[in-house]
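One structure is given below, encoded as structure tokens.
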Amino acid sequence: MRKSVFRTLVMTGGLAASLAIGGHTSLAAGNDSLLNSNDGLLENVNILDSEDGLLDGLNIGGSDAESNTDASADADANVVNETVVDEENDSVTTNNGAEATSDVNAAVEGEDGSAEVNADTDSAVMNETTVKEDSAASKTEAGASQDVNAAVEGEDETAKVNADTDAAVMNETSVEEDSATSKTEAGASQDVDAAVEGEDGSAEVNADTDSAVMNETTVKEDSAASKTEAGASQDVNAAVEGEDGSAEVNADTDAAVMNETTIEEDSATSKTEAGASQDVNAAVEGEDGSAEVDAMSDAGIMNETMYNEEDDSYASTTSGNLTSGLNASASDEENEVMADAMTDSDVWVMTEGSEENDSSKTSIGTESANGLVLGTMDKEDGDSSKVEAMNNTSVMTTVENSDDYSKFEANAANNLMLGAMTNDEDNESAATVMNAVNAGLWAESMDSEDEEYTSAGLNAGTDTALGFLVSDEDNESSLLSSLGVNADASYSQWENEESSDSEFNLGLSTELGLNTMLQSDDEGFDLGL
């Protein structure tokens, strides 16, 4: 076996590369908004002001014996190439690589304070390619990272900023005689932390961001498949603490999308999903009181579609969801109040059909839930009150058709609940109201060679319930009542070669309930109907 190997190695270093890469790092740090003295987070921390900033007293570059300055820069770069030729196996393999690093450190120390900056940058790229008689494969990777740290310390206050950034990308491709596969991935992340501490207070901000994307595609002689995913997230946290109070805010955001598609000789399938969520929390605490707010929201959508050429059929489902919630509370030395609200909504559409069977079906529906709670409490004597409301609604419609059959159906429902409660040292009272309403209608028909059939109907109903409760140390009384009314009607008709007939039905029902209870230490009374 005969192989030919060619290698190339290039290395560079020294002061020129150090200054070039170090200067680039300094420029990037200067453009970072967190280090921008005009409108960044350190706007009130004038690090570079020699009159009243944190560096007051630092004789940078001067001859003052009380100050010390130290700076260093280091840079390295490597490039590697390797090629292997295998004549016996009729193949060629090539490896290429390159990397570069840069470190910059600066420190200043004076009589009343000090400052330090560290910057570290890394980058690399790699490619590996193999070519054979009837196939080829290639893989490429690249990445970069940068860390920047800055710290300033004075006689009465300190400031610190840390920034970390990473990015990477990868592609892998394979080609054979009758197929090809490609996979690509990319991602990036960034973390930024800033903190300022003074004699009477402190502040801190943390930000974390991540994003990624991936695609994988496979192509064969009579089929293809592709999958793509992407996502992003961000977390931001901020806190401020002073002599008499503190405040904190947290925000979390996520988003993602995914698509998966498959195509074969006589069929195709596609699925797509997307979603997003956000959480925000805020809290403030003072010398005499505090307040807190939590907010949450989620949203998502999904579609799945399938097609089959063999029987000329299809099916598709699309659904969406939206959820949100809000919680708030506040308190002082004497009282506390709270409020909770939520909503949850869903909607969907489903359809399917077949040309071969001459049939189709479609369903559309929605559901929603909403709630609200309000409450207050007296911390001194424990008195409290609360009001609550909840409502649920749903609607659904279905249509179905075929060569000899058809049907339509619709349903709707609503449930409502209201409640109130008070509680003090000696007495407790509560009241609730519940109401449920539902309605529906339908119609269907069938027409075959031997028989014809038609039917239709509707129904409706309502239920209402009331409840009351009053109690103290010696007595307790309650009243519960309910009333329900339901009605339905239907009509049917059928006919065949021998006979025909029809039918009509009507129904009505009511339900009444009552329960009363009185109880004391000496006697009791209970009446139920």
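Starting from 1 in every chain, residues are counted up; chains themselves are A, B, ... following the order of the structure tokens, and ligands are numbered from 1 as listed.
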Determine, counting only C-alpha atoms, which protein, DNA and RNA residues have an atom within 6 Å of an atom of range 350-359 of chain A; residues of the same chain fewer than 6 positions away are not included. Present the result as number ranges by chain. A: 311-317, 401-403
Written file, previous selection with N, CA, C and O atoms, as an mmCIF file, in the first residue's frame:
```cif
data_model
loop_
_atom_site.group_PDB
_atom_site.id
_atom_site.type_symbol
_atom_site.label_atom_id
_atom_site.label_comp_id
_atom_site.auth_asym_id
_atom_site.auth_seq_id
_atom_site.Cartn_x
_atom_site.Cartn_y
_atom_site.Cartn_z
ATOM 1 N N ASP A 311 -54.002 6.157 -1.448
ATOM 2 C CA ASP A 311 -55.462 6.219 -1.357
ATOM 3 C C ASP A 311 -55.981 7.650 -1.413
ATOM 4 O O ASP A 311 -57.151 7.895 -1.107
ATOM 5 N N ASP A 312 -55.088 8.598 -1.775
ATOM 6 C CA ASP A 312 -55.463 10.007 -1.923
ATOM 7 C C ASP A 312 -56.180 10.509 -0.672
ATOM 8 O O ASP A 312 -57.284 11.061 -0.736
ATOM 9 N N SER A 313 -55.519 10.327 0.464
ATOM 10 C CA SER A 313 -56.090 10.750 1.740
ATOM 11 C C SER A 313 -55.182 11.771 2.417
ATOM 12 O O SER A 313 -53.986 11.856 2.118
ATOM 13 N N TYR A 314 -55.771 12.538 3.338
ATOM 14 C CA TYR A 314 -55.026 13.561 4.053
ATOM 15 C C TYR A 314 -55.585 13.691 5.462
ATOM 16 O O TYR A 314 -56.743 13.326 5.736
ATOM 17 N N ALA A 315 -54.763 14.221 6.343
ATOM 18 C CA ALA A 315 -55.176 14.501 7.717
ATOM 19 C C ALA A 315 -54.346 15.659 8.233
ATOM 20 O O ALA A 315 -53.126 15.703 8.036
ATOM 21 N N SER A 316 -54.990 16.603 8.897
ATOM 22 C CA SER A 316 -54.302 17.775 9.413
ATOM 23 C C SER A 316 -54.895 18.162 10.762
ATOM 24 O O SER A 316 -56.116 18.146 10.937
ATOM 25 N N THR A 317 -54.010 18.483 11.696
ATOM 26 C CA THR A 317 -54.413 18.930 13.028
ATOM 27 C C THR A 317 -53.640 20.193 13.382
ATOM 28 O O THR A 317 -52.409 20.217 13.292
ATOM 29 N N ASN A 401 -68.930 14.074 6.335
ATOM 30 C CA ASN A 401 -69.602 13.761 5.068
ATOM 31 C C ASN A 401 -68.931 12.571 4.400
ATOM 32 O O ASN A 401 -67.710 12.407 4.475
ATOM 33 N N SER A 402 -69.767 11.739 3.753
ATOM 34 C CA SER A 402 -69.270 10.646 2.924
ATOM 35 C C SER A 402 -70.251 10.445 1.769
ATOM 36 O O SER A 402 -71.200 11.219 1.604
ATOM 37 N N ASP A 403 -70.012 9.404 1.004
ATOM 38 C CA ASP A 403 -70.834 9.175 -0.173
ATOM 39 C C ASP A 403 -72.305 8.961 0.174
ATOM 40 O O ASP A 403 -73.203 9.390 -0.558
#
```
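Neighbours of Ser270 in chain A closer than or equal to 10 Å, with only C-alpha atoms counted and sequence neighbours fewer than 4 positions away skipped, come out as Ala225, Ser226, Lys227, Asn259, Glu260, Thr261, Thr262, Ile263, Asn303, Glu304, Thr305, Met306, Tyr307 and Ser316 of chain A.
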Residues from last step as file, N, CA, C and O atoms, as an mmCIF file, in the first residue's frame:
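To be explicit, this is the file written out as out_21.cif:
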```cif
data_model
loop_
_atom_site.group_PDB
_atom_site.id
_atom_site.type_symbol
_atom_site.label_atom_id
_atom_site.label_comp_id
_atom_site.auth_asym_id
_atom_site.auth_seq_id
_atom_site.Cartn_x
_atom_site.Cartn_y
_atom_site.Cartn_z
ATOM 1 N N ALA A 225 -35.927 13.481 4.157
ATOM 2 C CA ALA A 225 -36.351 13.806 5.516
ATOM 3 C C ALA A 225 -35.554 15.010 6.001
ATOM 4 O O ALA A 225 -34.346 15.091 5.774
ATOM 5 N N SER A 226 -36.240 15.922 6.667
ATOM 6 C CA SER A 226 -35.593 17.125 7.182
ATOM 7 C C SER A 226 -36.162 17.456 8.551
ATOM 8 O O SER A 226 -37.373 17.368 8.767
ATOM 9 N N LYS A 227 -35.272 17.831 9.474
ATOM 10 C CA LYS A 227 -35.688 18.213 10.822
ATOM 11 C C LYS A 227 -34.933 19.478 11.219
ATOM 12 O O LYS A 227 -33.708 19.532 11.106
ATOM 13 N N ASN A 259 -39.578 21.936 13.227
ATOM 14 C CA ASN A 259 -40.256 21.419 12.040
ATOM 15 C C ASN A 259 -39.615 20.108 11.651
ATOM 16 O O ASN A 259 -38.395 19.985 11.611
ATOM 17 N N GLU A 260 -40.452 19.126 11.361
ATOM 18 C CA GLU A 260 -39.987 17.812 10.920
ATOM 19 C C GLU A 260 -40.801 17.420 9.695
ATOM 20 O O GLU A 260 -42.033 17.338 9.763
ATOM 21 N N THR A 261 -40.120 17.203 8.583
ATOM 22 C CA THR A 261 -40.777 16.894 7.315
ATOM 23 C C THR A 261 -40.189 15.618 6.730
ATOM 24 O O THR A 261 -38.966 15.462 6.684
ATOM 25 N N THR A 262 -41.074 14.716 6.285
ATOM 26 C CA THR A 262 -40.661 13.467 5.657
ATOM 27 C C THR A 262 -41.431 13.295 4.353
ATOM 28 O O THR A 262 -42.654 13.379 4.336
ATOM 29 N N ILE A 263 -40.698 13.061 3.282
ATOM 30 C CA ILE A 263 -41.309 12.850 1.964
ATOM 31 C C ILE A 263 -40.836 11.502 1.437
ATOM 32 O O ILE A 263 -39.631 11.251 1.331
ATOM 33 N N ASN A 303 -48.931 22.201 14.347
ATOM 34 C CA ASN A 303 -49.608 21.724 13.142
ATOM 35 C C ASN A 303 -48.962 20.420 12.699
ATOM 36 O O ASN A 303 -47.737 20.320 12.653
ATOM 37 N N GLU A 304 -49.791 19.456 12.378
ATOM 38 C CA GLU A 304 -49.320 18.174 11.860
ATOM 39 C C GLU A 304 -50.169 17.814 10.640
ATOM 40 O O GLU A 304 -51.394 17.760 10.736
ATOM 41 N N THR A 305 -49.518 17.600 9.530
ATOM 42 C CA THR A 305 -50.201 17.332 8.270
ATOM 43 C C THR A 305 -49.624 16.071 7.640
ATOM 44 O O THR A 305 -48.401 15.914 7.584
ATOM 45 N N MET A 306 -50.515 15.189 7.158
ATOM 46 C CA MET A 306 -50.108 13.949 6.497
ATOM 47 C C MET A 306 -50.891 13.787 5.197
ATOM 48 O O MET A 306 -52.091 14.089 5.142
ATOM 49 N N TYR A 307 -50.199 13.300 4.167
ATOM 50 C CA TYR A 307 -50.829 13.045 2.875
ATOM 51 C C TYR A 307 -50.340 11.709 2.342
ATOM 52 O O TYR A 307 -49.140 11.415 2.393
ATOM 53 N N SER A 316 -54.990 16.603 8.897
ATOM 54 C CA SER A 316 -54.302 17.775 9.413
ATOM 55 C C SER A 316 -54.895 18.162 10.762
ATOM 56 O O SER A 316 -56.116 18.146 10.937
#
```
What lies within 10 Å of range 365-375 of chain A using only C-alpha atoms, ignoring chain neighbours under 6 positions off, as a count of residues only? 54
Using only C-alpha atoms, find the one residue out of A:Thr218, A:Thr269, A:Ser406, A:Asn250 that sits nearest to Asp235 in chain A. A:Asn250
Point-to-point distance from CA of Glu292 in chain A to CA of Ala203 in chain A, Å rounded to tenths: 18.7 Å
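Comparing A:Ala150, A:Val240, A:Val80, A:Ala136 by their smallest distance to Ala119 in chain A, the closest is A:Ala150 (using only C-alpha atoms).
Residue nearest Asp266 in chain A within the list A:Ala144, A:Phe468, A:Glu310, A:Ala186: A:Glu310 [criterion: smallest interatomic distance, only C-alpha atoms].
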